[in-house]
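K.L.:
Quick one, my_file31.txt (compact mmCIF, C-alpha atoms):
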```
# COMPACT_ATOMS: atom_id res chain seq x y z
CA MET F 1 131.67 165.46 119.13
CA ASN F 2 129.97 166.79 122.25
CA LEU F 3 130.96 165.91 125.80
CA GLU F 4 128.15 163.38 126.25
CA GLN F 5 129.27 161.49 123.14
CA ARG F 6 132.87 161.53 124.34
CA VAL F 7 131.89 160.08 127.71
CA LEU F 8 129.85 157.36 125.98
CA LYS F 9 132.82 156.44 123.77
CA LEU F 10 135.15 156.49 126.79
CA ASN F 11 132.78 154.17 128.65
CA ARG F 12 132.74 151.80 125.68
CA LEU F 13 136.55 151.89 125.69
CA LEU F 14 136.45 151.17 129.43
CA ALA F 15 134.17 148.17 128.83
CA ASN F 16 136.51 146.87 126.13
CA TYR F 17 139.50 147.32 128.42
CA PHE F 18 137.76 145.19 131.06
CA VAL F 19 137.13 142.44 128.52
CA LEU F 20 140.80 142.54 127.48
CA TYR F 21 141.90 142.62 131.12
CA ILE F 22 139.93 139.44 131.91
CA LYS F 23 141.11 137.84 128.66
CA LEU F 24 144.75 138.42 129.68
CA HIS F 25 144.06 136.63 132.97
CA ARG F 26 142.56 133.67 131.16
CA TYR F 27 145.40 133.49 128.68
CA SER F 28 148.06 133.64 131.37
CA TRP F 29 146.38 130.74 133.19
CA TYR F 30 145.49 128.45 130.30
CA VAL F 31 148.01 128.99 127.52
CA LYS F 32 149.43 125.78 126.04
CA GLY F 33 152.06 125.10 123.44
CA ALA F 34 155.70 125.70 122.67
CA GLU F 35 155.63 129.39 123.63
CA GLN F 36 153.63 128.81 126.81
CA LEU F 37 156.04 130.50 129.21
CA SER F 38 156.67 133.50 126.96
CA ILE F 39 152.99 134.18 126.31
CA ALA F 40 152.04 133.67 129.96
CA SER F 41 154.72 136.10 131.10
CA ILE F 42 153.63 138.74 128.54
CA CYS F 43 150.03 138.44 129.73
CA LYS F 44 151.01 138.55 133.40
CA ALA F 45 153.15 141.64 132.80
CA LYS F 46 150.25 143.44 131.09
CA ILE F 47 147.62 142.67 133.74
CA PRO F 48 148.72 145.26 136.36
CA LEU F 49 149.42 147.81 133.64
CA TYR F 50 145.93 147.41 132.18
CA LYS F 51 144.39 147.63 135.64
CA ASP F 52 146.15 150.99 136.04
CA GLN F 53 144.93 152.05 132.61
CA ILE F 54 141.37 151.12 133.56
CA ASP F 55 141.78 153.37 136.61
CA GLN F 56 143.03 156.18 134.33
CA LEU F 57 139.97 155.82 132.10
CA VAL F 58 137.68 155.94 135.14
CA LYS F 59 139.42 159.08 136.42
CA LEU F 60 139.10 160.67 132.99
CA ILE F 61 135.38 159.90 132.78
CA LEU F 62 134.86 161.30 136.28
CA ALA F 63 136.90 164.42 135.43
CA LEU F 64 134.55 164.99 132.50
CA ASP F 65 131.58 164.75 134.92
CA GLY F 66 130.58 161.40 133.45
CA GLN F 67 129.57 158.22 135.20
CA PRO F 68 131.90 155.32 134.43
CA TYR F 69 130.38 151.90 133.96
CA ALA F 70 130.85 149.94 137.16
CA THR F 71 129.25 146.50 136.77
CA MET F 72 130.30 143.40 134.88
CA VAL F 73 126.86 143.21 133.29
CA LYS F 74 127.32 146.70 131.86
CA TYR F 75 130.87 145.95 130.68
CA VAL F 76 129.83 142.81 128.82
CA LYS F 77 126.73 144.48 127.38
CA GLU F 78 128.54 147.59 126.15
CA ALA F 79 131.83 146.05 125.02
CA THR F 80 132.42 145.56 121.33
CA LEU F 81 135.18 143.01 122.01
CA GLU F 82 134.16 139.42 122.54
CA GLU F 83 135.06 137.45 125.61
CA ALA F 84 137.86 134.92 125.23
CA THR F 85 136.98 132.15 122.81
CA ALA F 86 140.40 130.73 122.04
CA ASP F 87 140.84 127.07 122.89
CA ASP F 88 143.98 127.94 124.82
CA GLU F 89 146.22 127.44 121.80
CA VAL F 90 148.90 130.05 121.41
CA VAL F 91 148.11 131.00 117.80
CA GLU F 92 144.42 131.52 118.54
CA MET F 93 145.17 133.60 121.62
CA LEU F 94 147.65 135.78 119.77
CA GLN F 95 145.26 136.26 116.85
CA GLN F 96 142.53 137.36 119.25
CA LEU F 97 144.90 139.78 121.00
CA VAL F 98 145.96 141.27 117.66
CA HIS F 99 142.31 141.66 116.69
CA ASP F 100 141.39 143.20 120.05
CA THR F 101 144.29 145.63 120.08
CA THR F 102 143.50 146.66 116.50
CA CYS F 103 139.91 147.46 117.53
CA LEU F 104 141.00 149.37 120.63
CA LEU F 105 143.65 151.32 118.72
CA HIS F 106 140.99 152.31 116.20
CA ASP F 107 138.64 153.45 118.97
CA ILE F 108 141.38 155.46 120.66
CA ASP F 109 142.40 157.00 117.36
CA GLN F 110 138.83 158.17 116.77
CA LEU F 111 138.65 159.73 120.23
CA ILE F 112 142.00 161.45 119.80
CA GLN F 113 141.20 162.88 116.36
CA LYS F 114 137.74 164.24 117.06
CA GLY F 115 137.39 167.60 118.72
CA ASN F 116 140.60 168.06 120.66
CA ASN F 117 140.64 171.84 120.38
CA ASP F 118 139.08 172.33 123.79
CA GLN F 119 140.27 171.54 127.29
CA GLU F 120 138.32 168.26 127.56
CA GLY F 121 139.75 167.14 124.25
CA ARG F 122 143.30 167.83 125.38
CA ILE F 123 142.73 165.94 128.64
CA ILE F 124 141.41 162.98 126.66
CA LEU F 125 144.39 163.19 124.32
CA HIS F 126 146.96 163.15 127.14
CA THR F 127 145.25 160.24 128.87
CA LEU F 128 144.80 158.09 125.79
CA ILE F 129 148.22 158.41 124.14
CA PRO F 130 149.99 156.21 126.76
CA LEU F 131 147.18 153.64 126.44
CA GLU F 132 147.56 153.69 122.68
CA GLN F 133 151.31 153.20 122.90
CA ASP F 134 150.98 150.18 125.17
CA LEU F 135 148.28 148.55 123.04
CA PHE F 136 150.49 149.02 120.00
CA GLN F 137 153.41 147.41 121.86
CA LEU F 138 151.27 144.40 122.83
CA GLN F 139 150.05 144.09 119.27
CA GLN F 140 153.59 144.10 117.89
CA MET F 141 154.72 141.45 120.41
CA CYS F 142 151.84 139.22 119.39
CA LYS F 143 152.60 139.68 115.69
CA LYS F 144 156.22 138.66 116.29
CA PHE F 145 155.10 135.36 117.78
CA LEU F 146 152.74 134.74 114.88
CA LYS F 147 155.52 134.99 112.28
```
Let me see whether you can do it: turn the structure in this file into structure tokens.
P.N.:
Amino acid sequence: MNLEQRVLKLNRLLANYFVLYIKLHRYSWYVKGAEQLSIASICKAKIPLYKDQIDQLVKLILALDGQPYATMVKYVKEATLEEATADDEVVEMLQQLVHDTTCLLHDIDQLIQKGNNDQEGRIILHTLIPLEQDLFQLQQMCKKFLK
């Protein structure tokens, strides 16, 4: 994978992160049901972390001499994740978060596995592993609530 393709995939990951970031806001505000407080607190705890991760993705794209997406129109257009569609019911929200994290983990895995023998690849690897770990943690928390 050449550098231009990597930057494009990183920008798509950035767009998806923005969709997830906004989704977490919505879910923390509108969650209903028996686990309302637990789910809201999980979402609220992830919001600042994901904002920091968005900043890390932007820095990575800039370090690779790319241009990170920087408008909501571009984020929505380029994202492969859908905006929040859950009717504010806990099960629906958790199912969407599991789906979203599965997609993002897959995207990160592809970026990590392809062409990391050069310096840019190693930089990508070291930036994405912490993101991957946190997405996996969120996914596991959501799965616990769904059981």
K.L.:
Please report as a Markdown table every residue of stretch 58-122 of chain F lying within 7 Å of stretch 22-44 of chain F, along with the nearest atom pair and their distance in Å (one decimal), using all atoms listed in the file.
P.N.:
```
| residue | atom | partner | partner_atom | distance |
| --- | --- | --- | --- | --- |
| F:Glu83 | CA | F:Lys23 | CA | 6.8 |
| F:Ala84 | CA | F:Lys23 | CA | 5.6 |
| F:Asp88 | CA | F:Val31 | CA | 5.0 |
| F:Glu89 | CA | F:Lys32 | CA | 5.6 |
| F:Val90 | CA | F:Gly33 | CA | 6.2 |
```
K.L.:
So which residues touch F:Thr85 within 10 Å, counting only C-alpha atoms, skipping near sequence neighbours fewer than 5 positions away, as a ChimeraX atom specification?
P.N.:
/F:23,92-93,96
K.L.:
Keeping C-alpha atoms, export the residues of the selection given above as a compact mmCIF listing (two decimals), in the coordinates of the input.
P.N.:
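Done, and the output landed in again-v3.txt:
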```txt
# COMPACT_ATOMS: atom_id res chain seq x y z
CA LYS F 23 141.11 137.84 128.66
CA GLU F 92 144.42 131.52 118.54
CA MET F 93 145.17 133.60 121.62
CA GLN F 96 142.53 137.36 119.25
```
K.L.:
Which residue, F:Gln137, F:Thr101, F:Asn16, F:Gln119, has the smallest gap to F:Tyr69 when you use only C-alpha atoms?
P.N.:
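Residue with the minimum atom-to-atom distance to F:Tyr69: F:Asn16.
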K.L.:
Let me make sure I understand: among F:Ile112, F:Ala70, F:Leu20, F:Leu125, which one has the smallest atom-to-atom distance to F:Tyr50 if we use only C-alpha atoms?
P.N.:
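So, comparing all the options, the nearest one is F:Leu20.
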K.L.:
Mind giving me the axis-aligned box for stretch 57-68 of chain F with 3 Å on every side, centre plus edges in Å to one decimal, as lines of an AutoDock Vina configuration file?
P.N.:
```
center_x = 134.8
center_y = 160.2
center_z = 134.3
size_x = 16.4
size_y = 15.7
size_z = 10.3
```
K.L.:
Rounded to one decimal, what separation in Å do you get between atom CA of F:Leu57 and atom CA of F:Val98?
P.N.:
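Interatomic distance, atom CA of F:Leu57 to atom CA of F:Val98: 21.4 Å.
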K.L.:
Counting only C-alpha atoms, what are the residues of stretch 7-64 of chain F within 12 Å of stretch 128-133 of chain F, and for each of them which pair of atoms is the nearest and at what distance in Å, to one decimal? Sort the table by chain and rising number, as JSON lines.
P.N.:
```
{"residue": "F:Leu10", "atom": "CA", "partner": "F:Leu128", "partner_atom": "CA", "distance": 9.8}
{"residue": "F:Leu13", "atom": "CA", "partner": "F:Leu128", "partner_atom": "CA", "distance": 10.3}
{"residue": "F:Leu14", "atom": "CA", "partner": "F:Leu131", "partner_atom": "CA", "distance": 11.4}
{"residue": "F:Tyr17", "atom": "CA", "partner": "F:Leu131", "partner_atom": "CA", "distance": 10.1}
{"residue": "F:Lys46", "atom": "CA", "partner": "F:Leu131", "partner_atom": "CA", "distance": 11.6}
{"residue": "F:Leu49", "atom": "CA", "partner": "F:Leu131", "partner_atom": "CA", "distance": 9.5}
{"residue": "F:Tyr50", "atom": "CA", "partner": "F:Leu131", "partner_atom": "CA", "distance": 8.6}
{"residue": "F:Lys51", "atom": "CA", "partner": "F:Leu131", "partner_atom": "CA", "distance": 11.3}
{"residue": "F:Asp52", "atom": "CA", "partner": "F:Leu131", "partner_atom": "CA", "distance": 10.0}
{"residue": "F:Gln53", "atom": "CA", "partner": "F:Leu131", "partner_atom": "CA", "distance": 6.8}
{"residue": "F:Ile54", "atom": "CA", "partner": "F:Leu131", "partner_atom": "CA", "distance": 9.5}
{"residue": "F:Asp55", "atom": "CA", "partner": "F:Leu131", "partner_atom": "CA", "distance": 11.5}
{"residue": "F:Gln56", "atom": "CA", "partner": "F:Leu128", "partner_atom": "CA", "distance": 8.9}
{"residue": "F:Leu57", "atom": "CA", "partner": "F:Leu128", "partner_atom": "CA", "distance": 8.3}
{"residue": "F:Val58", "atom": "CA", "partner": "F:Leu128", "partner_atom": "CA", "distance": 11.9}
{"residue": "F:Lys59", "atom": "CA", "partner": "F:Leu128", "partner_atom": "CA", "distance": 12.0}
{"residue": "F:Leu60", "atom": "CA", "partner": "F:Leu128", "partner_atom": "CA", "distance": 9.5}
{"residue": "F:Ile61", "atom": "CA", "partner": "F:Leu128", "partner_atom": "CA", "distance": 11.9}
```
K.L.:
Between F:Val91, F:Ile124, F:Ala15, F:Cys103, which is the closest to F:Thr71 once you count only C-alpha atoms?
P.N.:
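Between F:Val91, F:Ile124, F:Ala15, F:Cys103, the residue approaching F:Thr71 most closely is F:Ala15.
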K.L.:
Since the input lacks atoms, please generate N, CA and C atoms for stretch 16-29 of chain F and provide them as an mmCIF file, in the coordinates of the input.
P.N.:
```cif
data_model
loop_
_atom_site.group_PDB
_atom_site.id
_atom_site.type_symbol
_atom_site.label_atom_id
_atom_site.label_comp_id
_atom_site.auth_asym_id
_atom_site.auth_seq_id
_atom_site.Cartn_x
_atom_site.Cartn_y
_atom_site.Cartn_z
ATOM 1 N N ASN F 16 135.604 147.699 126.934
ATOM 2 C CA ASN F 16 136.510 146.870 126.130
ATOM 3 C C ASN F 16 137.801 146.578 126.884
ATOM 4 N N TYR F 17 138.289 147.546 127.620
ATOM 5 C CA TYR F 17 139.500 147.320 128.420
ATOM 6 C C TYR F 17 139.252 146.234 129.467
ATOM 7 N N PHE F 18 138.069 146.227 130.076
ATOM 8 C CA PHE F 18 137.760 145.190 131.060
ATOM 9 C C PHE F 18 137.730 143.818 130.404
ATOM 10 N N VAL F 19 137.152 143.722 129.227
ATOM 11 C CA VAL F 19 137.130 142.440 128.520
ATOM 12 C C VAL F 19 138.559 141.985 128.236
ATOM 13 N N LEU F 20 139.401 142.893 127.751
ATOM 14 C CA LEU F 20 140.800 142.540 127.480
ATOM 15 C C LEU F 20 141.540 142.169 128.759
ATOM 16 N N TYR F 21 141.281 142.882 129.821
ATOM 17 C CA TYR F 21 141.900 142.620 131.120
ATOM 18 C C TYR F 21 141.589 141.191 131.602
ATOM 19 N N ILE F 22 140.344 140.799 131.503
ATOM 20 C CA ILE F 22 139.930 139.440 131.910
ATOM 21 C C ILE F 22 140.507 138.410 130.939
ATOM 22 N N LYS F 23 140.551 138.750 129.666
ATOM 23 C CA LYS F 23 141.110 137.840 128.660
ATOM 24 C C LYS F 23 142.593 137.571 128.958
ATOM 25 N N LEU F 24 143.334 138.598 129.342
ATOM 26 C CA LEU F 24 144.750 138.420 129.680
ATOM 27 C C LEU F 24 144.918 137.481 130.877
ATOM 28 N N HIS F 25 144.025 137.581 131.846
ATOM 29 C CA HIS F 25 144.060 136.630 132.970
ATOM 30 C C HIS F 25 143.883 135.205 132.459
ATOM 31 N N ARG F 26 142.842 135.006 131.681
ATOM 32 C CA ARG F 26 142.560 133.670 131.160
ATOM 33 C C ARG F 26 143.743 133.117 130.376
ATOM 34 N N TYR F 27 144.295 133.944 129.500
ATOM 35 C CA TYR F 27 145.400 133.490 128.680
ATOM 36 C C TYR F 27 146.634 133.172 129.506
ATOM 37 N N SER F 28 146.885 133.929 130.536
ATOM 38 C CA SER F 28 148.060 133.640 131.370
ATOM 39 C C SER F 28 147.878 132.335 132.144
ATOM 40 N N TRP F 29 146.649 131.972 132.438
ATOM 41 C CA TRP F 29 146.380 130.740 133.190
ATOM 42 C C TRP F 29 146.335 129.498 132.310
#
```
